[in-house]
file entry_10.cif (mmCIF, C-alpha atoms; chains and numbers go by the auth columns)
data_structure
loop_
_atom_site.group_PDB
_atom_site.id
_atom_site.type_symbol
_atom_site.label_atom_id
_atom_site.label_comp_id
_atom_site.label_asym_id
_atom_site.label_seq_id
_atom_site.Cartn_x
_atom_site.Cartn_y
_atom_site.Cartn_z
_atom_site.B_iso_or_equiv
_atom_site.auth_seq_id
_atom_site.auth_asym_id
ATOM 1 C CA VAL A 1 6.765 -38.938 -73.932 0.00 42 A
ATOM 2 C CA ASN A 2 4.149 -41.656 -73.894 0.00 43 A
ATOM 3 C CA SER A 3 5.855 -44.804 -72.567 0.00 44 A
ATOM 4 C CA THR A 4 3.639 -47.098 -74.660 0.00 45 A
ATOM 5 C CA THR A 5 3.617 -45.358 -78.043 0.00 46 A
ATOM 6 C CA GLY A 6 6.795 -43.270 -77.800 0.00 47 A
ATOM 7 C CA GLN A 7 4.924 -40.196 -79.021 0.00 48 A
ATOM 8 C CA THR A 8 5.649 -36.818 -77.553 0.00 49 A
ATOM 9 C CA SER A 9 3.018 -34.332 -76.546 0.00 50 A
ATOM 10 C CA THR A 10 3.165 -30.665 -75.816 0.00 51 A
ATOM 11 C CA GLN A 11 1.258 -28.917 -73.072 0.00 52 A
ATOM 12 C CA THR A 12 1.214 -25.215 -72.470 0.00 53 A
ATOM 13 C CA SER A 13 -0.161 -23.152 -69.632 0.00 54 A
ATOM 14 C CA ASP A 14 -0.117 -19.567 -68.505 0.00 55 A
ATOM 15 C CA ALA A 15 2.158 -18.511 -65.666 0.00 56 A
ATOM 16 C CA VAL A 16 0.687 -15.573 -63.768 0.00 57 A
ATOM 17 C CA THR A 17 2.423 -13.425 -61.163 0.00 58 A
ATOM 18 C CA ARG A 18 0.121 -11.247 -59.059 0.00 59 A
ATOM 19 C CA TYR A 19 1.110 -7.963 -57.401 0.00 60 A
ATOM 20 C CA SER A 20 -0.512 -5.921 -54.634 0.00 61 A
ATOM 21 C CA TYR A 21 0.222 -2.211 -54.236 0.00 62 A
ATOM 22 C CA ASN A 22 -0.145 0.365 -51.472 0.00 63 A
ATOM 23 C CA GLY A 23 -1.638 3.855 -51.817 0.00 64 A
ATOM 24 C CA LEU A 24 1.709 5.202 -53.055 0.00 65 A
ATOM 25 C CA GLY A 25 1.791 2.695 -55.918 0.00 66 A
ATOM 26 C CA LYS A 26 4.582 0.645 -54.362 0.00 67 A
ATOM 27 C CA VAL A 27 4.562 -3.149 -54.534 0.00 68 A
ATOM 28 C CA THR A 28 3.609 -4.662 -51.170 0.00 69 A
ATOM 29 C CA GLU A 29 3.137 -8.292 -52.172 0.00 70 A
ATOM 30 C CA GLN A 30 4.057 -10.586 -55.030 0.00 71 A
ATOM 31 C CA ILE A 31 2.567 -14.048 -55.528 0.00 72 A
ATOM 32 C CA ASN A 32 4.207 -16.106 -58.259 0.00 73 A
ATOM 33 C CA ALA A 33 2.657 -18.749 -60.513 0.00 74 A
ATOM 34 C CA GLU A 34 3.359 -21.433 -57.889 0.00 75 A
ATOM 35 C CA GLY A 35 1.520 -19.487 -55.173 0.00 76 A
ATOM 36 C CA GLN A 36 4.709 -18.488 -53.352 0.00 77 A
ATOM 37 C CA LYS A 37 4.501 -15.112 -51.629 0.00 78 A
ATOM 38 C CA SER A 38 7.068 -12.392 -51.018 0.00 79 A
ATOM 39 C CA SER A 39 6.313 -9.015 -49.453 0.00 80 A
ATOM 40 C CA ILE A 40 7.743 -5.551 -48.877 0.00 81 A
ATOM 41 C CA HIS A 41 6.869 -3.276 -45.947 0.00 82 A
ATOM 42 C CA TYR A 42 7.251 0.513 -45.887 0.00 83 A
ATOM 43 C CA ASP A 43 7.349 3.251 -43.273 0.00 84 A
ATOM 44 C CA LEU A 44 4.998 6.249 -43.293 0.00 85 A
ATOM 45 C CA ILE A 45 7.158 8.196 -45.746 0.00 86 A
ATOM 46 C CA GLY A 46 7.448 5.342 -48.249 0.00 87 A
ATOM 47 C CA ARG A 47 10.874 3.884 -47.460 0.00 88 A
ATOM 48 C CA GLU A 48 11.340 0.115 -47.552 0.00 89 A
ATOM 49 C CA THR A 49 11.694 -1.200 -44.011 0.00 90 A
ATOM 50 C CA ARG A 50 11.341 -4.965 -44.454 0.00 91 A
ATOM 51 C CA LYS A 51 11.560 -7.445 -47.320 0.00 92 A
ATOM 52 C CA GLU A 52 10.286 -10.979 -46.835 0.00 93 A
ATOM 53 C CA GLY A 53 11.243 -13.482 -49.511 0.00 94 A
ATOM 54 C CA ILE A 54 9.670 -16.739 -50.598 0.00 95 A
ATOM 55 C CA ALA A 55 9.464 -19.353 -47.837 0.00 96 A
ATOM 56 C CA PHE A 56 11.572 -22.500 -48.110 0.00 97 A
ATOM 57 C CA THR A 57 12.498 -25.503 -45.983 0.00 98 A
ATOM 58 C CA ASP A 58 15.924 -25.222 -44.344 0.00 99 A
ATOM 59 C CA TYR A 59 18.391 -28.006 -43.536 0.00 100 A
ATOM 60 C CA ARG A 60 16.604 -28.691 -40.211 0.00 101 A
ATOM 61 C CA GLY A 61 13.253 -29.190 -41.920 0.00 102 A
ATOM 62 C CA GLN A 62 11.819 -25.875 -40.679 0.00 103 A
ATOM 63 C CA THR A 63 9.925 -23.560 -43.001 0.00 104 A
ATOM 64 C CA VAL A 64 11.592 -20.142 -43.034 0.00 105 A
ATOM 65 C CA ARG A 65 11.349 -16.891 -44.986 0.00 106 A
ATOM 66 C CA PRO A 66 14.473 -14.887 -45.767 0.00 107 A
ATOM 67 C CA THR A 67 13.876 -11.484 -44.176 0.00 108 A
ATOM 68 C CA THR A 68 15.779 -8.207 -44.521 0.00 109 A
ATOM 69 C CA ASP A 69 15.113 -5.328 -42.118 0.00 110 A
ATOM 70 C CA ILE A 70 16.285 -1.931 -43.368 0.00 111 A
ATOM 71 C CA GLU A 71 17.164 1.010 -41.093 0.00 112 A
ATOM 72 C CA TYR A 72 17.830 4.614 -42.113 0.00 113 A
ATOM 73 C CA ASN A 73 19.927 7.419 -40.614 0.00 114 A
ATOM 74 C CA GLY A 74 18.962 11.077 -40.223 0.00 115 A
ATOM 75 C CA LEU A 75 20.117 11.831 -43.780 0.00 116 A
ATOM 76 C CA ASP A 76 17.613 9.313 -45.201 0.00 117 A
ATOM 77 C CA GLN A 77 20.413 6.912 -46.133 0.00 118 A
ATOM 78 C CA ILE A 78 20.347 3.201 -45.417 0.00 119 A
ATOM 79 C CA SER A 79 22.420 2.694 -42.292 0.00 120 A
ATOM 80 C CA ARG A 80 21.818 -1.041 -41.730 0.00 121 A
ATOM 81 C CA ASN A 81 20.535 -4.079 -43.598 0.00 122 A
ATOM 82 C CA ILE A 82 19.792 -6.901 -41.185 0.00 123 A
ATOM 83 C CA GLN A 83 19.366 -10.236 -42.949 0.00 124 A
ATOM 84 C CA SER A 84 17.794 -13.177 -41.154 0.00 125 A
ATOM 85 C CA LYS A 85 15.521 -16.151 -41.666 0.00 126 A
ATOM 86 C CA LYS A 86 12.165 -15.781 -39.950 0.00 127 A
ATOM 87 C CA GLN A 87 10.569 -19.086 -38.970 0.00 128 A
ATOM 88 C CA VAL A 88 7.095 -19.563 -40.417 0.00 129 A
ATOM 89 C CA ILE A 89 4.623 -21.060 -37.960 0.00 130 A
#

call {"tool": "encode", "arguments": {"input": "entry_10.cif", "output": "structure tokens"}}
result
Amino acid sequence: VNSTTGQTSTQTSDAVTRYSYNGLGKVTEQINAEGQKSSIHYDLIGRETRKEGIAFTDYRGQTVRPTTDIEYNGLDQISRNIQSKKQVI
């Protein structure tokens, strides 16, 4: 809204999310329209081993990325999900 005339205006723009893939066709990185990055890491047989979310500022003012490390047992089942916040330097 224009504060002088009171007229409204409409603006549009395109929001683009970009993806990167590995040789197996699995998503390894996602960058959203605001330039925020998340990533997924895999082991040699294609299982997810780490997910890193979009960085944010925590209550102490430190920039961190939510991180999940995934471990598997001998039957190829997820045995542990370890969730943490990795400090970004």

call {"tool": "residues_around", "arguments": {"input": "entry_10.cif", "residues": "stretch 57-65 of chain A", "least_positions_apart": "3", "cutoff": "9 Å", "atoms": "all atoms listed in the file", "output": "PyMOL selection string"}}
result
chain A and resi 68-76+87

call {"tool": "write_last_selection", "arguments": {"input": "entry_10.cif", "atoms": "C-alpha atoms", "output": "JSON list (two decimals), in the frame of the given file"}}
result
[["chain", "number", "residue", "atom", "x", "y", "z"],
["A", 68, "VAL", "CA", 4.56, -3.15, -54.53],
["A", 69, "THR", "CA", 3.61, -4.66, -51.17],
["A", 70, "GLU", "CA", 3.14, -8.29, -52.17],
["A", 71, "GLN", "CA", 4.06, -10.59, -55.03],
["A", 72, "ILE", "CA", 2.57, -14.05, -55.53],
["A", 73, "ASN", "CA", 4.21, -16.11, -58.26],
["A", 74, "ALA", "CA", 2.66, -18.75, -60.51],
["A", 75, "GLU", "CA", 3.36, -21.43, -57.89],
["A", 76, "GLY", "CA", 1.52, -19.49, -55.17],
["A", 87, "GLY", "CA", 7.45, 5.34, -48.25]]

call {"tool": "residues_around", "arguments": {"input": "entry_10.cif", "residues": "stretch 93-100 of chain A", "least_positions_apart": "6", "cutoff": "12 Å", "atoms": "only C-alpha atoms", "output": "list in words"}}
result
Thr69, Glu70, Gln71, Ile72, Asn73, Glu75, Gly76, Gln77, Lys78, Ser79, Ser80, Ile81, His82, Tyr83, Arg106, Pro107, Thr108, Thr109, Asp110, Ile111, Ile123, Gln124, Ser125, Lys126, Lys127, Gln128, Val129 and Ile130 of chain A

call {"tool": "atom_distance", "arguments": {"input": "entry_10.cif", "atom1": "atom CA of A:Arg121", "atom2": "atom CA of A:Gln103"}}
result
26.8 Å

call {"tool": "atom_distance", "arguments": {"input": "entry_10.cif", "atom1": "atom CA of A:Thr90", "atom2": "atom CA of A:Thr104"}}
result
22.5 Å

call {"tool": "atom_distance", "arguments": {"input": "entry_10.cif", "atom1": "atom CA of A:Ile86", "atom2": "atom CA of A:Ser120"}}
result
16.6 Å

call {"tool": "decode", "arguments": {"input": "entry_10.cif", "residues": "stretch 79-99 of chain A", "atoms": "N, CA, C and O atoms", "output": "PDB file, in the first residue's frame"}}
result
ATOM      1  N   SER A  79      20.148 -27.318   2.644  1.00  0.00           N
ATOM      2  CA  SER A  79      20.089 -28.538   3.439  1.00  0.00           C
ATOM      3  C   SER A  79      20.746 -29.637   2.606  1.00  0.00           C
ATOM      4  O   SER A  79      20.818 -29.540   1.382  1.00  0.00           O
ATOM      5  N   SER A  80      21.268 -30.661   3.278  1.00  0.00           N
ATOM      6  CA  SER A  80      21.979 -31.705   2.535  1.00  0.00           C
ATOM      7  C   SER A  80      21.752 -33.074   3.149  1.00  0.00           C
ATOM      8  O   SER A  80      21.396 -33.203   4.317  1.00  0.00           O
ATOM      9  N   ILE A  81      21.951 -34.094   2.318  1.00  0.00           N
ATOM     10  CA  ILE A  81      21.827 -35.489   2.730  1.00  0.00           C
ATOM     11  C   ILE A  81      23.078 -36.219   2.272  1.00  0.00           C
ATOM     12  O   ILE A  81      23.508 -36.075   1.130  1.00  0.00           O
ATOM     13  N   HIS A  82      23.659 -37.016   3.173  1.00  0.00           N
ATOM     14  CA  HIS A  82      24.853 -37.802   2.865  1.00  0.00           C
ATOM     15  C   HIS A  82      24.478 -39.285   2.865  1.00  0.00           C
ATOM     16  O   HIS A  82      23.602 -39.711   3.616  1.00  0.00           O
ATOM     17  N   TYR A  83      25.177 -40.056   2.029  1.00  0.00           N
ATOM     18  CA  TYR A  83      24.883 -41.478   1.866  1.00  0.00           C
ATOM     19  C   TYR A  83      26.153 -42.307   2.026  1.00  0.00           C
ATOM     20  O   TYR A  83      27.262 -41.810   1.804  1.00  0.00           O
ATOM     21  N   ASP A  84      25.977 -43.583   2.388  1.00  0.00           N
ATOM     22  CA  ASP A  84      27.125 -44.482   2.408  1.00  0.00           C
ATOM     23  C   ASP A  84      27.306 -45.088   1.011  1.00  0.00           C
ATOM     24  O   ASP A  84      26.589 -44.735   0.072  1.00  0.00           O
ATOM     25  N   LEU A  85      28.254 -45.991   0.876  1.00  0.00           N
ATOM     26  CA  LEU A  85      28.591 -46.541  -0.442  1.00  0.00           C
ATOM     27  C   LEU A  85      27.476 -47.378  -1.067  1.00  0.00           C
ATOM     28  O   LEU A  85      27.457 -47.577  -2.277  1.00  0.00           O
ATOM     29  N   ILE A  86      26.550 -47.868  -0.240  1.00  0.00           N
ATOM     30  CA  ILE A  86      25.452 -48.659  -0.810  1.00  0.00           C
ATOM     31  C   ILE A  86      24.143 -47.872  -0.893  1.00  0.00           C
ATOM     32  O   ILE A  86      23.082 -48.432  -1.126  1.00  0.00           O
ATOM     33  N   GLY A  87      24.219 -46.550  -0.704  1.00  0.00           N
ATOM     34  CA  GLY A  87      23.077 -45.687  -0.955  1.00  0.00           C
ATOM     35  C   GLY A  87      22.153 -45.424   0.209  1.00  0.00           C
ATOM     36  O   GLY A  87      21.074 -44.859   0.017  1.00  0.00           O
ATOM     37  N   ARG A  88      22.568 -45.803   1.434  1.00  0.00           N
ATOM     38  CA  ARG A  88      21.718 -45.529   2.597  1.00  0.00           C
ATOM     39  C   ARG A  88      22.021 -44.140   3.150  1.00  0.00           C
ATOM     40  O   ARG A  88      23.176 -43.731   3.194  1.00  0.00           O
ATOM     41  N   GLU A  89      20.976 -43.448   3.595  1.00  0.00           N
ATOM     42  CA  GLU A  89      21.184 -42.135   4.217  1.00  0.00           C
ATOM     43  C   GLU A  89      21.980 -42.307   5.503  1.00  0.00           C
ATOM     44  O   GLU A  89      21.653 -43.150   6.333  1.00  0.00           O
ATOM     45  N   THR A  90      23.030 -41.512   5.653  1.00  0.00           N
ATOM     46  CA  THR A  90      23.833 -41.574   6.875  1.00  0.00           C
ATOM     47  C   THR A  90      23.836 -40.267   7.656  1.00  0.00           C
ATOM     48  O   THR A  90      24.111 -40.259   8.844  1.00  0.00           O
ATOM     49  N   ARG A  91      23.521 -39.162   6.994  1.00  0.00           N
ATOM     50  CA  ARG A  91      23.471 -37.870   7.678  1.00  0.00           C
ATOM     51  C   ARG A  91      22.538 -36.933   6.928  1.00  0.00           C
ATOM     52  O   ARG A  91      22.558 -36.861   5.710  1.00  0.00           O
ATOM     53  N   LYS A  92      21.715 -36.227   7.691  1.00  0.00           N
ATOM     54  CA  LYS A  92      20.858 -35.167   7.150  1.00  0.00           C
ATOM     55  C   LYS A  92      21.218 -33.888   7.875  1.00  0.00           C
ATOM     56  O   LYS A  92      21.263 -33.853   9.102  1.00  0.00           O
ATOM     57  N   GLU A  93      21.490 -32.844   7.102  1.00  0.00           N
ATOM     58  CA  GLU A  93      21.793 -31.535   7.676  1.00  0.00           C
ATOM     59  C   GLU A  93      20.729 -30.555   7.196  1.00  0.00           C
ATOM     60  O   GLU A  93      20.563 -30.349   6.001  1.00  0.00           O
ATOM     61  N   GLY A  94      20.003 -29.984   8.151  1.00  0.00           N
ATOM     62  CA  GLY A  94      18.918 -29.075   7.824  1.00  0.00           C
ATOM     63  C   GLY A  94      19.407 -27.659   7.577  1.00  0.00           C
ATOM     64  O   GLY A  94      20.605 -27.373   7.539  1.00  0.00           O
ATOM     65  N   ILE A  95      18.457 -26.776   7.425  1.00  0.00           N
ATOM     66  CA  ILE A  95      18.741 -25.359   7.169  1.00  0.00           C
ATOM     67  C   ILE A  95      19.290 -24.718   8.443  1.00  0.00           C
ATOM     68  O   ILE A  95      18.762 -24.912   9.536  1.00  0.00           O
ATOM     69  N   ALA A  96      20.365 -23.949   8.293  1.00  0.00           N
ATOM     70  CA  ALA A  96      20.995 -23.282   9.428  1.00  0.00           C
ATOM     71  C   ALA A  96      20.074 -22.203  10.000  1.00  0.00           C
ATOM     72  O   ALA A  96      19.292 -21.590   9.282  1.00  0.00           O
ATOM     73  N   PHE A  97      20.175 -22.013  11.312  1.00  0.00           N
ATOM     74  CA  PHE A  97      19.418 -20.961  11.985  1.00  0.00           C
ATOM     75  C   PHE A  97      20.241 -20.457  13.168  1.00  0.00           C
ATOM     76  O   PHE A  97      21.241 -21.060  13.545  1.00  0.00           O
ATOM     77  N   THR A  98      19.809 -19.351  13.740  1.00  0.00           N
ATOM     78  CA  THR A  98      20.492 -18.778  14.898  1.00  0.00           C
ATOM     79  C   THR A  98      19.782 -19.250  16.159  1.00  0.00           C
ATOM     80  O   THR A  98      18.573 -19.052  16.303  1.00  0.00           O
ATOM     81  N   ASP A  99      20.536 -19.869  17.084  1.00  0.00           N
ATOM     82  CA  ASP A  99      19.923 -20.381  18.305  1.00  0.00           C
ATOM     83  C   ASP A  99      19.799 -19.282  19.362  1.00  0.00           C
ATOM     84  O   ASP A  99      20.136 -18.124  19.126  1.00  0.00           O
TER      85      ASP A  99
END
